[in-house]
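Some notes on the structure that comes next.
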Number of protein chains: 2
Amino acid sequence: MSVTAAKGFAAVGVRAGIRKRAKDLAVVRSTVPAVGAAMWTVNQVLAAPVVVSKQHLAVAEPQAIVINSGVANAATGERGELDALATAAEAGRLLDLFAEEVLVLSTGVIGTLLPLEKVVGGLRHAVPALSAEGGLDAAEAILTTDTRTKEAAVSLDGFTVGGMAKGSGMIHPKLATMLAVVTTDYPLEPGEAIGFLRPAVDRSFNSITVDGECSTNDAVCLLANGASGIERTPASDTAFAVALGRVCDELAEQIVADGEGATVLAEIEVTGAVDGPQARAIAARIATSPLVKTALFGHDANWGRVLAAAGSAPHNGGFAAVDASRVTLSYNGTMVLERGAPLLVEPDVSNGTCRIELELGLGSGAASYLTTDLSYDYVRINADYRT
Amino acid sequence: MSVTAAKGFAAVGVRAGIRKRAKDLAVVRSTVPAVGAAMWTVNQVLAAPVVVSKQHLAVAEPQAIVINSGVANAATGERGELDALATAAEAGRLLDLFAEEVLVLSTGVIGTLLPLEKVVGGLRHAVPALSAEGGLDAAEAILTTDTRTKEAAVSLDGFTVGGMAKGSGMIHPKLATMLAVVTTDYPLEPGEAIGFLRPAVDRSFNSITVDGECSTNDAVCLLANGASGIERTPASDTAFAVALGRVCDELAEQIVADGEGATVLAEIEVTGAVDGPQARAIAARIATSPLVKTALFGHDANWGRVLAAAGSAPHNGGFAAVDASRVTLSYNGTMVLERGAPLLVEPDVSNGTCRIELELGLGSGAASYLTTDLSYDYVRINADYRT
């Protein structure tokens, strides 16, 4: 169900021929008037669909989202923007919407032109097949190097939040992470959606990393159509924020667990930093360190690498503060370093999850990050990607 | 010859038993009074020998350098500093120097205590064996995951600059790169050495990367003893700067070429940035991108990944400016993107070197970076390192 778990949403996923042997075009729409919001990649190089969708969001409430996989339509110049516009316009015509009410998202290889005829042909097959049962097909159609679909849904107090996501490589904040579409039948007023979406995204999609890469295309979109018919109260708003957060968390975790070549899932918990942003900078540096990640792959509690990474976390043009003599570090609950003094123990990191806790002893700043190991398969997948 | 190429230097490398089956302790000394300088890692977590050597440099001119491999003596608390001090003191006693005239450097595993008895025993064997022919032994003794020694020497106008280095993983600016010892018989006054060393290091050791890691230990040390006996002139100072730069360049190139698991050597040239620091931020981001580096390993001119990396280069708390519509990009001289428009060509990247030129079209800032691919062997070496 996922992206169609909430009332009043329909979805579809079809094979348009953009990729070789898989579904590659998805459409999600609200069947009743909706409001929406999106958060976008912070990459300075924006894919054409991101440019076009941002323009559309600025002038209209989104009612439908078209997503293709296989081609990112990034670094495609003016032609790429025309292709993205044409996709939105054709989808609008088929869905009886203004082009500006359609968001377009793309994922895949950068620098290749979108095969517009295939996209248009796919849309003509897809739109008549839109249904409340189409969530899984849509979730399949947006995958690239993913090995499984990512879906989540939470129902609370008479409303539902559902969503789908894709992402396996190029997974990293700031946002710039993946594609996710979240739908809800909770009622929101125009302009309200972003206020709910931002905090949910910051603590989920913006706290995961697979390879530290920041893509040109990534986006999280929220559509809210009010079809649940429930009465809003301050308490229901809180419940909605909780449900939205849970869906985003679940999708984010699914993305990391399906990280390219991932064999180990690691949680990095940083506490005692000078402040929150420094904690976050340090957690991010550890979570992206090739030496930390290869040690995870080797099931080696090589904690010196964690310490070295912590000590070189870029922050505000310098480095986040670390005082080695105050640092306490543990792996899966076993302390290996206590206020700067190494304890001669070997923690058990033999299974597929690893929790690394770093207490800096400087203040109360805290942050956590989910990451994966760096494996042979990550190299294989990305050395082969275009072939 | 390397570190003993200049007159008045002796070196030695011995097996002290710190590592399993290799030389692991080197001593370099000037046989006549010398002056010196060093540049250190910028990691916030400093290894004990770095802390101690910085203190020594603040109070005395360095006359000798003791380097051990196998154990980094980092994250070893107060005990680690005492071990580093004891090493310098024992070396000073054997060499008839003040402890403060001895610099100590360590490289190897973080979080393991220095086996002081082995170091002291090794020093007692090493010091009597110091000789002008000991350069190669010293260069061998400082290696860790390196597959070959790194040495360079340049003679110009009656003086010589020679050096040795180690470094294979954890190779990345800022400095935080590796160990290098450069010696010269050019005459310098106390306090002058750093003014020559800094620019040479910035354009060499600070412009290479293997894995984006910043170690707790790394250092470049320069000793100058004037034993050439030449007369200094403004022209000779220029010649010295040139020779020093060349030795640093050669050592830095040898380090990248011996990067852990490296099969491809890549030069990233960024031009047309808003300014030099932005060019450098972009070049560094490309040079450390796992997706760019795995594509290099796959001999795939996947230039979209270069563009995506360029667009996400952290700079001054934000991102370095990139306007995709102005970007021109080429691989090995074949243009793949011209002012934002993709050209449908496949450049030849089949051999072991790759030159990636990115012209941003925004200004006159330029920077270049040497990097390697990310291969199966990088993962293997670092997943296995402690076993």
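Residues are named by chain letter and number: chains run A, B, ... in the order of the structure tokens, numbers start at 1 in each chain, and ligands are numbered from 1 in the order shown.
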Please report as a tab-separated table every residue of chain A lying within 6 Å of chain B, along with the nearest atom pair and their distance in Å (one decimal), using only C-alpha atoms.
```
residue	atom	partner	partner_atom	distance
A:Asn43	CA	B:Ser312	CA	4.9
A:Gln44	CA	B:Gly311	CA	4.3
A:Val45	CA	B:Gly311	CA	4.9
A:Thr76	CA	B:Ala341	CA	6.0
A:Gly77	CA	B:Ala341	CA	5.1
A:Ile110	CA	B:Gly304	CA	4.6
A:Gly111	CA	B:Gly304	CA	5.5
A:Ser215	CA	B:Ala308	CA	5.9
A:Thr216	CA	B:Ala308	CA	5.9
A:Thr294	CA	B:Ala383	CA	4.9
A:Ala295	CA	B:Ala383	CA	4.7
A:Gly298	CA	B:Ala383	CA	4.2
A:Gly304	CA	B:Ile110	CA	4.6
A:Ala308	CA	B:Thr216	CA	5.9
A:Gly311	CA	B:Gln44	CA	4.3
A:Ser312	CA	B:Asn43	CA	4.8
A:Asn316	CA	B:Gly317	CA	5.2
A:Gly317	CA	B:Asn316	CA	5.2
A:Val322	CA	B:Gln44	CA	5.8
A:Ala324	CA	B:Val45	CA	5.6
A:Gly340	CA	B:Gly77	CA	5.4
A:Ala341	CA	B:Gly77	CA	5.1
A:Tyr376	CA	B:Tyr376	CA	5.4
A:Val379	CA	B:Thr294	CA	5.7
A:Asn382	CA	B:Thr294	CA	5.6
A:Ala383	CA	B:Gly298	CA	4.2
```
Please provide as a list in words all residues within 7 Å of A:Val102, with the sequence filter that same-chain residues fewer than 6 positions apart are discarded (counting only C-alpha atoms).
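Contacts, in chain order: Pro62, Gln63, Ala64, Ile65, Ala88 and Gly92 of chain A.
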I'd like the contact shell of stretch 357-364 of chain B - 7 Å cut-off, only C-alpha atoms, skipping same-chain residues fewer than 4 positions apart - returned as an MDAnalysis selection string.
chainID B and resid 268:275 322 326:331
Residues near B:Val201, cut-off 8 Å, only C-alpha atoms, skip fewer than 4 positions along chain, as a list in words
Leu175, Leu197, Phe205, Asn206, Val220, Gly245 and Cys248 of chain B
Looking only at helix (DSSP H, G or I) from DSSP on the backbone, list the matching residues of stretch 212-318 of chain A as an mmCIF file with C-alpha atoms, in the first residue's frame.
```
data_model
loop_
_atom_site.group_PDB
_atom_site.id
_atom_site.type_symbol
_atom_site.label_atom_id
_atom_site.label_comp_id
_atom_site.auth_asym_id
_atom_site.auth_seq_id
_atom_site.Cartn_x
_atom_site.Cartn_y
_atom_site.Cartn_z
ATOM 1 C CA PRO A 234 -3.668 20.625 18.459
ATOM 2 C CA ALA A 235 -3.473 17.016 19.639
ATOM 3 C CA SER A 236 -4.115 15.671 16.152
ATOM 4 C CA ASP A 237 -1.386 17.938 14.758
ATOM 5 C CA THR A 238 1.017 16.366 17.230
ATOM 6 C CA ALA A 239 -0.133 12.912 16.227
ATOM 7 C CA PHE A 240 0.393 13.823 12.579
ATOM 8 C CA ALA A 241 3.935 15.021 13.274
ATOM 9 C CA VAL A 242 4.642 11.751 15.072
ATOM 10 C CA ALA A 243 3.235 9.632 12.258
ATOM 11 C CA LEU A 244 5.070 11.620 9.598
ATOM 12 C CA GLY A 245 8.300 11.301 11.567
ATOM 13 C CA ARG A 246 7.834 7.572 11.919
ATOM 14 C CA VAL A 247 7.241 7.072 8.193
ATOM 15 C CA CYS A 248 10.312 9.158 7.346
ATOM 16 C CA ASP A 249 12.413 7.259 9.925
ATOM 17 C CA GLU A 250 11.330 3.898 8.567
ATOM 18 C CA LEU A 251 12.017 4.862 4.970
ATOM 19 C CA ALA A 252 15.424 6.284 5.920
ATOM 20 C CA GLU A 253 16.367 3.110 7.785
ATOM 21 C CA GLN A 254 15.309 0.994 4.836
ATOM 22 C CA ILE A 255 17.528 3.075 2.582
ATOM 23 C CA VAL A 256 20.614 2.611 4.746
ATOM 24 C CA ALA A 257 19.925 -1.098 5.248
ATOM 25 C CA GLY A 276 24.486 20.126 18.480
ATOM 26 C CA PRO A 277 26.036 21.267 15.194
ATOM 27 C CA GLN A 278 29.500 20.127 16.347
ATOM 28 C CA ALA A 279 28.067 16.767 17.407
ATOM 29 C CA ARG A 280 26.473 16.440 14.000
ATOM 30 C CA ALA A 281 29.702 17.368 12.175
ATOM 31 C CA ILE A 282 31.623 14.748 14.136
ATOM 32 C CA ALA A 283 28.986 12.046 13.678
ATOM 33 C CA ALA A 284 28.896 12.755 9.944
ATOM 34 C CA ARG A 285 32.688 12.597 9.656
ATOM 35 C CA ILE A 286 32.833 9.235 11.422
ATOM 36 C CA ALA A 287 29.903 7.914 9.411
ATOM 37 C CA THR A 288 31.616 8.755 6.122
ATOM 38 C CA PRO A 290 36.468 5.153 4.512
ATOM 39 C CA LEU A 291 38.761 3.763 7.200
ATOM 40 C CA VAL A 292 35.955 3.442 9.742
ATOM 41 C CA LYS A 293 33.716 1.885 7.104
ATOM 42 C CA THR A 294 36.279 -0.633 5.845
ATOM 43 C CA ALA A 295 36.971 -1.644 9.464
ATOM 44 C CA LEU A 296 33.218 -2.218 9.912
ATOM 45 C CA PHE A 297 33.332 -4.435 6.841
ATOM 46 C CA TRP A 303 38.374 2.425 17.354
ATOM 47 C CA GLY A 304 41.487 4.474 16.704
ATOM 48 C CA ARG A 305 40.047 5.248 13.298
ATOM 49 C CA VAL A 306 36.877 6.534 14.929
ATOM 50 C CA LEU A 307 38.944 8.826 17.098
ATOM 51 C CA ALA A 308 41.036 10.030 14.157
ATOM 52 C CA ALA A 309 37.869 10.740 12.181
ATOM 53 C CA ALA A 310 36.307 12.579 15.124
#
```
Find the residues near stretch 16-31 of chain B: any atom within 8 Å, counting only C-alpha atoms, skip ones fewer than 2 places away on the same chain, and give them as a PyMOL selection string.
chain B and resi 3+8-14+33-34+63-71+115+118-119+121-123+126-127+130+137-143+223+225
Distance atom CA of A:Gly333-atom CA of A:Val345, one decimal place?
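Atom CA of A:Val345 lies 11.8 Å from atom CA of A:Gly333.
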Could you tell me how far atom CA of A:Leu265 sits from atom CA of A:Met178, in Å to one decimal place?
18.0 Å
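Secondary structure of stretch 175-299 of chain A, strand (DSSP E) only (DSSP, backbone atoms): Leu179, Ala180, Val181, Val182, Thr183, Thr184, Ala219, Val220, Cys221, Leu222, Leu223, Ala224, Leu265, Ala266, Glu267, Ile268, Glu269, Val270, Thr271, Gly272 and Ala273 of chain A.
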Spatial neighbours of A:Leu222, max dist 6 Å, only C-alpha atoms, sep filter under 3 positions, as a ChimeraX atom specification
/A:36-37,182-183
To one decimal place, how far is atom CA of A:Glu101 from atom CA of A:Leu57 in Å?
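Answer for the atom CA of A:Glu101 to atom CA of A:Leu57 separation: 7.6 Å.
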